[in-house]
file input_2.cif (mmCIF, C-alpha atoms)
data_final
#
loop_
_atom_site.label_atom_id
_atom_site.label_comp_id
_atom_site.auth_asym_id
_atom_site.auth_seq_id
_atom_site.Cartn_x
_atom_site.Cartn_y
_atom_site.Cartn_z
CA MET A 2 0.00 0.00 0.00
CA HIS A 3 1.22 3.50 -0.81
CA VAL A 4 2.56 5.42 2.21
CA GLY A 5 0.20 8.34 1.54
CA CYS A 6 -2.81 6.02 1.63
CA VAL A 7 -1.62 4.51 4.90
CA CYS A 8 -1.29 7.98 6.47
CA GLU A 9 -4.76 9.01 5.24
CA ILE A 10 -6.34 5.85 6.64
CA PHE A 11 -4.46 6.34 9.91
CA GLN A 12 -5.80 9.90 10.27
CA LYS A 13 -9.38 8.81 9.60
CA LEU A 14 -9.12 5.99 12.12
CA ASN A 15 -7.74 8.40 14.70
CA GLY A 16 -10.75 10.70 14.17
CA LEU A 17 -13.13 7.76 14.49
CA PHE A 18 -11.42 6.63 17.70
CA CYS A 19 -11.78 10.12 19.23
CA TRP A 20 -15.47 10.24 18.26
CA LEU A 21 -16.13 6.83 19.78
CA THR A 22 -14.33 7.38 23.05
CA GLU A 23 -14.92 11.01 23.98
CA PRO A 24 -18.65 10.79 24.75
CA GLN A 25 -18.13 7.91 27.18
CA GLY A 26 -16.23 9.85 29.82
CA MET A 27 -15.24 8.61 33.24
CA ASP A 28 -17.96 7.63 35.67
CA ARG A 29 -17.80 8.20 39.40
CA ASN A 30 -15.86 4.99 39.92
CA MET A 31 -13.33 6.33 37.42
CA ARG A 32 -13.73 3.48 34.96
CA ILE A 33 -14.77 3.69 31.33
CA THR A 34 -16.68 0.81 29.76
CA ASN A 35 -14.77 -0.06 26.61
CA ILE A 36 -16.95 -0.90 23.64
CA ARG A 37 -15.63 -3.48 21.21
CA ILE A 38 -15.55 -1.20 18.20
CA ALA A 39 -13.42 1.40 20.00
CA SER A 40 -10.98 -1.33 21.03
CA THR A 41 -10.80 -2.51 17.43
CA VAL A 42 -10.10 1.00 16.17
CA ALA A 43 -7.38 1.37 18.80
CA MET A 44 -5.74 -1.84 17.59
CA LEU A 45 -5.85 -0.52 14.01
CA LEU A 46 -4.38 2.79 15.12
CA TRP A 47 -1.44 1.15 16.88
CA GLY A 48 -1.04 -1.20 13.94
CA GLY A 49 -0.90 1.81 11.62
CA THR A 50 1.72 3.42 13.81
CA ALA A 51 3.76 0.23 13.67
CA MET A 52 3.50 0.24 9.85
CA GLN A 53 5.19 3.64 9.86
CA SER A 54 8.04 2.12 11.89
CA ALA A 55 9.18 -0.40 9.31
CA HIS A 56 12.50 -2.22 9.54
CA ALA A 57 12.65 -1.83 13.34
CA GLN A 58 14.50 -4.25 15.55
CA ARG A 59 12.37 -6.33 17.88
CA ALA A 60 11.06 -4.19 20.74
CA VAL A 61 12.49 -4.86 24.20
CA VAL A 62 10.08 -4.79 27.13
CA PRO A 63 11.20 -2.10 29.62
CA GLY A 64 12.64 -3.73 32.72
CA THR A 65 14.47 -6.43 30.75
CA GLY A 66 18.05 -7.13 31.83
CA THR A 67 19.72 -5.97 35.02
CA GLU A 68 18.70 -3.04 37.20
CA ILE A 69 21.44 -0.44 37.64
CA VAL A 70 21.87 0.17 41.36
CA GLY A 71 22.61 3.67 42.60
CA VAL A 72 20.49 5.57 40.11
CA ALA A 73 16.76 6.31 40.28
CA ASP A 74 15.06 5.80 43.67
CA ASP A 75 12.53 3.89 45.77
CA PHE A 76 11.77 6.74 48.25
CA GLU A 77 11.86 4.32 51.19
CA ASP A 78 14.24 6.40 53.31
CA PRO A 79 12.03 8.23 55.88
CA ASN A 80 14.62 11.04 55.85
CA TRP A 81 14.33 11.53 52.08
CA ASN A 82 14.39 15.26 51.37
CA TYR A 83 14.61 17.74 48.53
CA VAL A 84 16.32 21.13 48.90
CA PRO A 85 14.68 23.45 46.33
CA ASN A 86 17.05 26.44 46.48
CA ASP A 87 14.20 28.65 45.28
CA PRO A 88 13.46 30.64 43.20
CA LYS A 89 13.56 28.03 40.48
CA SER A 90 15.03 28.28 37.00
CA THR A 91 12.97 29.53 34.05
CA GLU A 92 15.66 29.56 31.39
CA ASP A 93 13.13 28.53 28.73
CA ILE A 94 11.10 31.72 29.37
CA ASP A 95 13.49 34.49 30.41
CA GLU A 96 16.96 32.85 30.17
CA ASN A 97 17.25 33.07 33.97
CA GLN A 98 18.73 29.98 35.65
CA ARG A 99 18.58 31.34 39.22
CA SER A 100 21.32 29.05 40.49
CA PRO A 101 22.09 27.17 42.65
CA MET A 102 19.82 24.41 41.39
CA GLY A 103 17.60 22.34 43.64
CA ARG A 104 18.81 18.84 44.58
CA SER A 105 17.71 15.86 46.66
CA THR A 106 19.87 15.14 49.68
CA ASN A 107 20.58 11.60 48.40
CA GLY A 108 22.08 13.04 45.20
CA ARG A 109 19.71 11.16 42.90
CA TRP A 110 17.53 14.04 41.64
CA TYR A 111 18.03 17.61 40.55
CA GLU A 112 16.12 20.59 39.25
CA GLY A 113 15.75 20.86 35.50
CA ILE A 114 17.95 23.80 34.49
CA LYS A 115 15.68 24.65 31.56
CA ARG A 116 12.30 24.86 33.30
CA GLY A 117 12.88 24.44 37.05
CA HIS A 118 11.47 21.94 39.53
CA PRO A 119 7.85 21.41 40.72
CA ASP A 120 6.72 23.68 43.55
CA ILE A 121 6.10 20.65 45.78
CA VAL A 122 8.54 17.73 45.84
CA GLN A 123 7.62 15.71 48.91
CA ARG A 124 7.96 12.15 50.14
CA VAL A 125 4.52 10.80 51.08
CA ARG A 126 3.03 7.54 52.22
CA THR A 127 2.45 5.17 49.29
CA PRO A 128 -1.22 5.27 48.21
CA SER A 129 -3.25 2.08 48.47
CA GLY A 130 -2.61 -0.48 45.74
CA GLY A 131 1.06 0.40 45.28
CA LEU A 132 3.98 -2.00 45.03
CA PRO A 133 4.01 -4.63 47.78
CA GLY A 134 6.18 -3.44 50.67
CA SER A 135 6.36 0.16 49.49
CA GLU A 136 6.08 2.63 52.36
CA GLY A 137 7.17 5.81 50.58
CA ALA A 138 6.52 7.49 47.22
CA LEU A 139 7.02 10.98 45.82
CA LEU A 140 4.40 13.72 45.36
CA LEU A 141 4.99 16.23 42.53
CA ARG A 142 2.78 19.31 42.21
CA SER A 143 3.01 22.94 41.02
CA ARG A 144 1.06 26.18 40.89
CA PHE A 145 3.65 28.48 39.31
CA THR A 146 5.07 26.47 36.42
CA GLY A 147 6.32 29.63 34.73
CA ILE A 148 8.27 32.50 36.32
CA PRO A 149 7.92 32.25 40.13
CA GLY A 150 5.30 34.64 41.49
CA ARG A 151 4.43 35.98 38.02
CA PRO A 152 1.46 34.00 36.66
CA SER A 153 1.17 34.03 32.89
CA GLY A 154 -2.14 32.31 32.31
CA THR A 155 -0.35 30.10 29.80
CA MET A 156 0.38 26.42 30.30
CA HIS A 157 3.97 25.77 31.40
CA GLN A 158 5.79 22.77 32.84
CA ASP A 159 8.41 21.92 35.44
CA ASP A 160 11.12 19.24 35.18
CA PHE A 161 12.25 16.81 37.88
CA VAL A 162 15.37 15.07 36.57
CA ALA A 163 16.98 11.80 37.65
CA ASN A 164 20.73 12.06 38.15
CA VAL A 165 21.64 9.04 36.00
CA GLN A 166 24.40 10.31 33.71
CA TYR A 167 26.48 11.92 36.45
CA ARG A 168 26.14 9.11 38.98
CA LEU A 169 27.24 6.60 36.34
CA LYS A 170 29.96 9.06 35.21
CA ARG A 171 29.05 8.29 31.62
CA ARG A 172 26.29 8.20 29.08
CA VAL A 173 24.85 4.82 28.12
CA ASP A 174 25.33 3.59 24.56
CA VAL A 175 22.13 2.29 22.97
CA SER A 176 23.94 -0.97 22.17
CA GLU A 177 23.50 -1.69 25.89
CA VAL A 178 19.71 -1.55 25.37
CA PRO A 179 18.71 0.82 28.18
CA SER A 180 15.17 0.98 29.51
CA VAL A 181 13.33 2.84 32.26
CA THR A 182 10.16 2.00 34.18
CA THR A 183 8.11 3.95 36.69
CA ARG A 184 4.90 3.69 38.64
CA VAL A 185 2.60 6.70 38.74
CA PHE A 186 -0.53 7.24 40.81
CA LEU A 187 -3.43 9.09 39.15
CA PRO A 188 -5.87 10.66 41.65
CA PRO A 189 -9.67 10.50 41.19
CA VAL A 190 -10.71 12.74 38.30
CA ALA A 191 -12.61 15.13 40.59
CA GLN A 192 -9.19 16.10 42.01
CA TRP A 193 -7.58 16.89 38.65
CA GLU A 194 -6.85 20.44 37.57
CA ASN A 195 -9.91 21.32 35.47
CA ARG A 196 -7.95 22.00 32.28
CA SER A 197 -7.65 20.28 28.93
CA GLY A 198 -4.08 19.50 27.88
CA PRO A 199 -1.01 17.72 29.23
CA HIS A 200 -0.83 17.22 33.00
CA PHE A 201 2.12 14.85 33.50
CA GLY A 202 5.08 13.65 31.45
CA PHE A 203 7.52 10.75 31.68
CA ARG A 204 10.43 11.27 29.29
CA LEU A 205 13.92 10.22 28.28
CA ALA A 206 16.93 12.40 27.44
CA LEU A 207 18.66 10.90 24.40
CA GLU A 208 21.55 11.98 22.17
CA THR A 209 22.23 11.57 18.48
CA THR A 210 24.44 13.08 15.79
CA ALA A 211 22.56 15.60 13.67
CA MET A 212 22.75 19.03 12.09
CA VAL A 213 22.85 21.59 14.91
CA ASP A 214 23.07 25.38 15.05
CA LYS A 215 26.40 26.85 16.14
CA GLU A 216 27.31 30.50 16.69
CA ILE A 217 30.65 31.63 15.30
CA GLY A 218 32.41 35.00 15.32
CA ILE A 219 32.06 37.84 17.83
CA GLY A 220 30.18 41.12 18.03
CA ILE A 221 28.71 42.34 14.77
CA PHE A 222 30.46 39.47 12.98
CA LYS A 223 28.57 36.81 14.98
CA ARG A 224 26.46 34.48 12.89
CA THR A 225 24.80 31.09 13.13
CA VAL A 226 25.84 28.17 10.97
CA GLU A 227 24.69 24.56 10.76
CA GLU A 228 27.11 21.71 11.25
CA MET A 229 27.06 18.11 12.39
CA GLY A 230 27.09 17.87 16.17
CA ASN A 231 25.57 16.32 19.28
CA GLU A 232 21.80 16.77 19.48
CA VAL A 233 19.82 16.10 22.68
CA TYR A 234 16.12 15.28 22.37
CA TRP A 235 13.38 14.20 24.76
CA PRO A 236 10.85 11.58 23.66
CA GLY A 237 8.25 10.37 26.12
CA MET A 238 4.64 9.94 27.15
CA PHE A 239 2.23 12.58 28.45
CA ILE A 240 -0.95 12.04 30.43
CA GLU A 241 -3.40 14.20 28.52
CA PHE A 242 -6.70 15.30 30.09
CA GLU A 243 -9.83 16.38 28.22
CA SER A 244 -12.06 18.49 30.44
CA GLN A 245 -15.70 18.74 29.39
CA GLY A 246 -16.35 21.84 31.49
CA GLY A 247 -18.60 21.54 34.52
CA ASN A 248 -19.73 17.98 33.83
CA ARG A 249 -16.81 16.05 35.31
CA GLU A 250 -18.47 12.70 34.61
CA ASN A 251 -17.66 13.17 30.91
CA ASP A 252 -13.99 14.04 31.48
CA TYR A 253 -11.46 11.53 30.24
CA ALA A 254 -7.71 11.06 29.82
CA TYR A 255 -5.31 9.28 27.49
CA LEU A 256 -1.59 8.83 26.83
CA ARG A 257 -0.03 11.12 24.23
CA ILE A 258 3.15 9.80 22.61
CA ARG A 259 6.13 11.99 21.69
CA SER A 260 6.79 11.54 18.88
CA ASN A 261 6.60 10.29 15.30
CA ARG A 262 9.26 10.82 12.61
CA ARG A 263 7.94 14.29 11.85
CA GLY A 264 8.20 15.36 15.48
CA GLY A 265 4.44 15.32 15.97
CA ASP A 266 2.78 13.90 19.06
CA PHE A 267 0.03 11.34 18.53
CA ARG A 268 -2.66 9.73 20.59
CA GLY A 269 -2.00 6.50 22.46
CA PRO A 270 -4.33 4.35 24.56
CA GLN A 271 -7.14 5.84 26.61
CA ILE A 272 -6.76 5.79 30.37
CA THR A 273 -9.79 3.82 31.54
CA THR A 274 -9.24 4.05 35.28
CA THR A 275 -7.33 6.15 37.77
CA GLY A 276 -5.07 4.77 40.50
CA TRP A 277 -1.69 3.16 39.83
CA TRP A 278 -0.22 2.79 36.34
CA THR A 279 3.13 1.44 35.12
CA LEU A 280 4.92 3.25 32.30
CA GLY A 281 8.10 2.26 30.51
CA MET A 282 10.35 3.01 27.53
CA SER A 283 13.27 1.14 26.01
CA VAL A 284 15.84 2.01 23.34
CA THR A 285 17.25 -0.64 21.01
CA PRO A 286 20.62 -0.58 19.17
CA ASP A 287 18.94 0.66 15.97
CA GLY A 288 18.14 3.89 17.83
CA MET A 289 14.40 3.26 18.05
CA VAL A 290 12.29 4.11 21.12
CA HIS A 291 9.65 1.63 22.32
CA TYR A 292 6.70 2.68 24.48
CA TYR A 293 4.74 0.56 26.99
CA ALA A 294 2.03 1.19 29.61
CA SER A 295 -0.37 -0.80 31.74
CA GLU A 296 -2.86 -0.29 34.52
CA GLY A 297 -1.61 -1.39 37.96
CA VAL A 298 1.87 -2.01 39.35
CA ASP A 299 2.73 -5.36 37.76
CA ASP A 300 5.87 -5.62 35.65
CA LEU A 301 5.42 -4.65 32.01
CA THR A 302 5.00 -7.41 29.43
CA GLU A 303 4.76 -7.68 25.65
CA ASP A 304 0.99 -7.26 26.01
CA ASP A 305 1.57 -3.68 27.25
CA TYR A 306 3.24 -2.56 24.01
CA ILE A 307 1.99 0.72 22.49
CA THR A 308 4.30 1.70 19.63
CA SER A 309 7.90 1.96 18.36
CA GLN A 310 9.17 5.20 16.86
CA PHE A 311 12.17 7.18 15.60
CA PRO A 312 11.12 10.52 17.18
CA TYR A 313 11.98 13.53 14.99
CA ASP A 314 13.44 11.01 12.54
CA TYR A 315 16.44 10.66 14.87
CA ARG A 316 18.19 7.40 15.67
CA ALA A 317 19.29 7.47 19.29
CA GLU A 318 22.97 6.84 19.99
CA ARG A 319 23.23 7.48 23.74
CA PHE A 320 20.94 7.55 26.78
CA ARG A 321 21.51 10.32 29.33
CA THR A 322 18.69 10.10 31.87
CA PHE A 323 14.94 10.29 32.39
CA PHE A 324 12.71 12.90 33.99
CA TYR A 325 9.16 13.84 34.94
CA ASN A 326 7.12 16.84 33.76
CA ILE A 327 4.45 18.55 35.86
CA CYS A 328 2.18 20.88 33.88
CA SER A 329 -0.33 23.53 34.99
CA ALA A 330 -2.24 26.56 33.71
CA ASP A 331 0.22 28.88 35.53
CA ASP A 332 -2.62 31.25 36.43
CA GLY A 333 -1.50 31.78 40.03
CA HIS A 334 -4.66 30.15 41.42
CA ARG A 335 -5.05 26.58 40.28
CA TRP A 336 -2.67 23.88 41.41
CA SER A 337 -1.59 21.17 39.00
CA THR A 338 -2.97 17.68 39.37
CA SER A 339 -1.22 15.85 42.23
CA PHE A 340 0.76 12.97 40.74
CA ILE A 341 2.65 10.50 42.91
CA VAL A 342 5.52 8.48 41.44
CA ASP A 343 7.28 5.44 42.86
CA ASP A 344 10.11 3.04 42.18
CA PRO A 345 11.58 4.40 38.92
CA LYS A 346 14.34 2.09 37.70
CA VAL A 347 16.96 1.98 34.94
CA TYR A 348 17.91 -1.32 33.27
CA LEU A 349 20.56 -2.47 30.81
CA LEU A 350 20.20 -5.62 28.77
CA ARG A 351 23.86 -5.74 27.62
CA PRO A 352 26.00 -3.58 29.95
CA LYS A 353 29.42 -2.75 28.50
CA GLN A 354 31.21 -2.45 31.81
CA GLN A 355 30.88 -3.86 35.29
CA MET A 356 28.70 -1.82 37.61
CA ALA A 357 26.51 -2.33 40.65
CA SER A 358 23.43 -4.15 39.43
CA ARG A 359 20.82 -6.74 40.32
CA PRO A 360 18.56 -9.02 38.25
CA SER A 361 15.43 -7.47 36.80
CA SER A 362 12.65 -7.49 39.42
CA SER A 363 10.15 -4.90 40.57
CA ARG A 364 9.25 -6.72 43.75
CA ARG A 365 10.66 -5.45 47.03
#
call {"tool": "encode", "arguments": {"input": "input_2.cif", "output": "structure tokens"}}
result
Amino acid sequence: MHVGCVCEIFQKLNGLFCWLTEPQGMDRNMRITNIRIASTVAMLLWGGTAMQSAHAQRAVVPGTGTEIVGVADDFEDPNWNYVPNDPKSTEDIDENQRSPMGRSTNGRWYEGIKRGHPDIVQRVRTPSGGLPGSEGALLLRSRFTGIPGRPSGTMHQDDFVANVQYRLKRRVDVSEVPSVTTRVFLPPVAQWENRSGPHFGFRLALETTAMVDKEIGIGIFKRTVEEMGNEVYWPGMFIEFESQGGNRENDYAYLRIRSNRRGGDFRGPQITTTGWWTLGMSVTPDGMVHYYASEGVDDLTEDDYITSQFPYDYRAERFRTFFYNICSADDGHRWSTSFIVDDPKVYLLRPKQQMASRPSSSRR
């Protein structure tokens, strides 16, 4: 089939899927009854996405291999603490980093230098239904996601970054097949910020070789040229919320995937219930990113596969780290949705060098 025809069919299916699922909404028990036709359309959508990812290596389920000890976190230490060093950075808005950056006292997390950290970074008791044996998890929430104290009324986001690259003292080559998993707790929909758009992100920081802008010269002779260099990019998954105004029973959410070859986000599976979810991404030696998600806290399996992509038409060469996004309206009044994360882990299937590790297992 011609590629153009495939894309046209894919777009029509996506529109049909939206029409079928939007009216259903979330009921008071936060569960959406899936009708068979919507499930079929979803399968066709994901199949169409896979067709666009031809010649990919076999996807690797996130969590495969050995867990790298000393990076990521389980938040079990009752003395876990984050030192914010406010005001936070807003380099993406006004080029102001406001150093020193915030950091956790265990050295495993730091403030995103581009957008700053969430307003609340707090260890809390693990909500019901979490991983067996888990006593602590991490609450992330913001009101001012833009410039501190200066609400913009425009959606902004904060970054909470895992200190993987610097604790390992190296970047991870994709030949080692890195993957990351996390658990995230979604509160009842009545407690969500009443705003359509992205609310939460789980993303990777990857590197590749590509054409990049570089400034040369000084003063009036300064100019920008393009040359081959190191390009950092950030694929991931967003929890997207569709608010239907005052009627919260018709609100719903879904996963938005970043991104396809053209750099465009696209719709993934609908979130049919709140509570705990498990998200994961892996990167294979061909530079492709593989996305997985499932309801609950069980380990990911092949059944939880969503899609495989070359985001921005890049082929990843190195893995730096992963991070979370917290998004809000930045209107100075509304708080972002309260998301709680737990037990993020980094795995390597074929580690190049000896390091502290343990066999893949999410059980405590």
call {"tool": "residues_around", "arguments": {"input": "input_2.cif", "residues": "Val178 in chain A", "least_positions_apart": "6", "cutoff": "6 Å", "atoms": "only C-alpha atoms", "output": "list of chain:residue names"}}
result
A:Val284, A:Thr285, A:Leu349, A:Leu350
call {"tool": "atom_distance", "arguments": {"input": "input_2.cif", "atom1": "CA of Trp193 in chain A", "atom2": "CA of Thr338 in chain A"}}
result
4.7 Å
call {"tool": "closest_residue", "arguments": {"input": "input_2.cif", "among": "A:Tyr83, A:Tyr306, A:Phe267, A:Phe145", "to": "Leu280 in chain A", "atoms": "all atoms listed in the file"}}
result
A:Tyr306
call {"tool": "closest_atom_pairs", "arguments": {"input": "input_2.cif", "of": "range 239-285 of chain A", "to": "range 212-234 of chain A", "cutoff": "12 Å", "atoms": "only C-alpha atoms", "output": "JSON lines"}}
result
{"residue": "A:Arg259", "atom": "CA", "partner": "A:Tyr234", "partner_atom": "CA", "distance": 10.5}
{"residue": "A:Ser260", "atom": "CA", "partner": "A:Tyr234", "partner_atom": "CA", "distance": 10.6}
{"residue": "A:Gly264", "atom": "CA", "partner": "A:Tyr234", "partner_atom": "CA", "distance": 10.5}
call {"tool": "closest_residue", "arguments": {"input": "input_2.cif", "among": "A:Asn86, A:Ser180, A:Gln245, A:Thr127", "to": "Arg99 in chain A", "atoms": "only C-alpha atoms"}}
result
A:Asn86
call {"tool": "residues_around", "arguments": {"input": "input_2.cif", "residues": "Pro345 in chain A", "least_positions_apart": "3", "cutoff": "9 Å", "atoms": "all atoms listed in the file", "output": "list in words"}}
result
Ala73, Asp74, Asp75, Val181, Thr182, Thr183, Arg184 and Val342 of chain A
call {"tool": "resolve_selection", "arguments": {"input": "input_2.cif", "expression": "the PyMOL selection byres ((chain A and resi 104) around 9)", "output": "JSON list (two decimals) with C-alpha atoms, keeping the file's coordinate frame"}}
result
[["chain", "number", "residue", "atom", "x", "y", "z"],
["A", 82, "ASN", "CA", 14.39, 15.26, 51.37],
["A", 83, "TYR", "CA", 14.61, 17.74, 48.53],
["A", 84, "VAL", "CA", 16.32, 21.13, 48.90],
["A", 85, "PRO", "CA", 14.68, 23.45, 46.33],
["A", 86, "ASN", "CA", 17.05, 26.44, 46.48],
["A", 102, "MET", "CA", 19.82, 24.41, 41.39],
["A", 103, "GLY", "CA", 17.60, 22.34, 43.64],
["A", 105, "SER", "CA", 17.71, 15.86, 46.66],
["A", 106, "THR", "CA", 19.87, 15.14, 49.68],
["A", 107, "ASN", "CA", 20.58, 11.60, 48.40],
["A", 108, "GLY", "CA", 22.08, 13.04, 45.20],
["A", 109, "ARG", "CA", 19.71, 11.16, 42.90],
["A", 110, "TRP", "CA", 17.53, 14.04, 41.64],
["A", 111, "TYR", "CA", 18.03, 17.61, 40.55],
["A", 112, "GLU", "CA", 16.12, 20.59, 39.25]]
call {"tool": "residues_near_point", "arguments": {"input": "input_2.cif", "point": "(4.9, 3.3, 35.0)", "cutoff": "10 Å", "atoms": "all atoms listed in the file", "output": "list in words"}}
result
Pro63, Val181, Thr182, Thr183, Arg184, Val185, Phe186, Phe203, Trp277, Trp278, Thr279, Leu280, Gly281, Met282, Tyr293, Ala294, Ser295, Glu296, Gly297, Val298, Asp299, Asp300, Leu301, Val342, Asp343, Asp344, Pro345 and Lys346 of chain A
call {"tool": "closest_residue", "arguments": {"input": "input_2.cif", "among": "A:Asp95, A:Asp332, A:Glu243, A:Asp159", "to": "Ser197 in chain A", "atoms": "only C-alpha atoms"}}
result
A:Glu243
call {"tool": "closest_residue", "arguments": {"input": "input_2.cif", "among": "A:Gly333, A:Asn261, A:Pro360, A:Leu169", "to": "Ile148 in chain A", "atoms": "only C-alpha atoms"}}
result
A:Gly333
call {"tool": "closest_residue", "arguments": {"input": "input_2.cif", "among": "A:Lys170, A:Gln310, A:Tyr253, A:Leu141", "to": "Gly202 in chain A", "atoms": "all atoms listed in the file"}}
result
A:Leu141
call {"tool": "closest_residue", "arguments": {"input": "input_2.cif", "among": "A:Asp160, A:Asp287, A:Glu303, A:Glu136", "to": "Glu77 in chain A", "atoms": "only C-alpha atoms"}}
result
A:Glu136
call {"tool": "resolve_selection", "arguments": {"input": "input_2.cif", "expression": "the PyMOL selection byres ((chain A and resi 289) around 10)", "output": "list of chain:residue names"}}
result
A:Ser54, A:Ala57, A:Gln58, A:Arg59, A:Ala60, A:Val175, A:Ser283, A:Val284, A:Thr285, A:Pro286, A:Asp287, A:Gly288, A:Val290, A:His291, A:Ser309, A:Gln310, A:Phe311, A:Pro312, A:Asp314, A:Tyr315, A:Arg316, A:Ala317, A:Glu318
call {"tool": "atom_distance", "arguments": {"input": "input_2.cif", "atom1": "CA of Ser153 in chain A", "atom2": "CA of Ile121 in chain A"}}
result
19.2 Å
call {"tool": "atom_distance", "arguments": {"input": "input_2.cif", "atom1": "CA of Gly246 in chain A", "atom2": "CA of Glu194 in chain A"}}
result
11.4 Å
call {"tool": "resolve_selection", "arguments": {"input": "input_2.cif", "expression": "the PyMOL selection byres ((chain A and resi 327) around 7)", "output": "ChimeraX atom specification"}}
result
/A:119,142-143,158-160,200-202,325-326,328-329
call {"tool": "decode", "arguments": {"input": "input_2.cif", "residues": "range 98-111 of chain A", "atoms": "N, CA and C atoms", "output": "compact mmCIF listing (two decimals), in the first residue's frame"}}
result
# COMPACT_ATOMS: atom_id res chain seq x y z
N GLN A 98 18.55 31.28 35.00
CA GLN A 98 18.73 29.98 35.65
C GLN A 98 18.56 30.04 37.17
N ARG A 99 18.75 31.16 37.77
CA ARG A 99 18.58 31.34 39.22
C ARG A 99 19.30 30.24 40.02
N SER A 100 20.55 30.04 39.75
CA SER A 100 21.32 29.05 40.49
C SER A 100 21.51 29.52 41.94
N PRO A 101 21.82 28.59 42.87
CA PRO A 101 22.09 27.17 42.65
C PRO A 101 20.81 26.37 42.41
N MET A 102 20.96 25.25 41.72
CA MET A 102 19.82 24.41 41.39
C MET A 102 19.38 23.58 42.59
N GLY A 103 18.11 23.22 42.61
CA GLY A 103 17.60 22.34 43.64
C GLY A 103 18.13 20.92 43.48
N ARG A 104 18.30 20.22 44.61
CA ARG A 104 18.81 18.84 44.58
C ARG A 104 18.24 18.04 45.75
N SER A 105 18.09 16.74 45.55
CA SER A 105 17.71 15.86 46.66
C SER A 105 18.94 15.59 47.50
N THR A 106 18.73 15.36 48.78
CA THR A 106 19.87 15.14 49.68
C THR A 106 20.57 13.81 49.42
N ASN A 107 19.91 12.87 48.73
CA ASN A 107 20.58 11.60 48.40
C ASN A 107 21.33 11.68 47.07
N GLY A 108 21.31 12.85 46.42
CA GLY A 108 22.08 13.04 45.20
C GLY A 108 21.51 12.39 43.96
N ARG A 109 20.27 11.91 44.03
CA ARG A 109 19.71 11.16 42.90
C ARG A 109 18.78 11.98 42.02
N TRP A 110 18.47 13.22 42.41
CA TRP A 110 17.53 14.04 41.64
C TRP A 110 18.01 15.48 41.64
N TYR A 111 17.69 16.20 40.58
CA TYR A 111 18.03 17.61 40.55
C TYR A 111 17.01 18.39 39.73
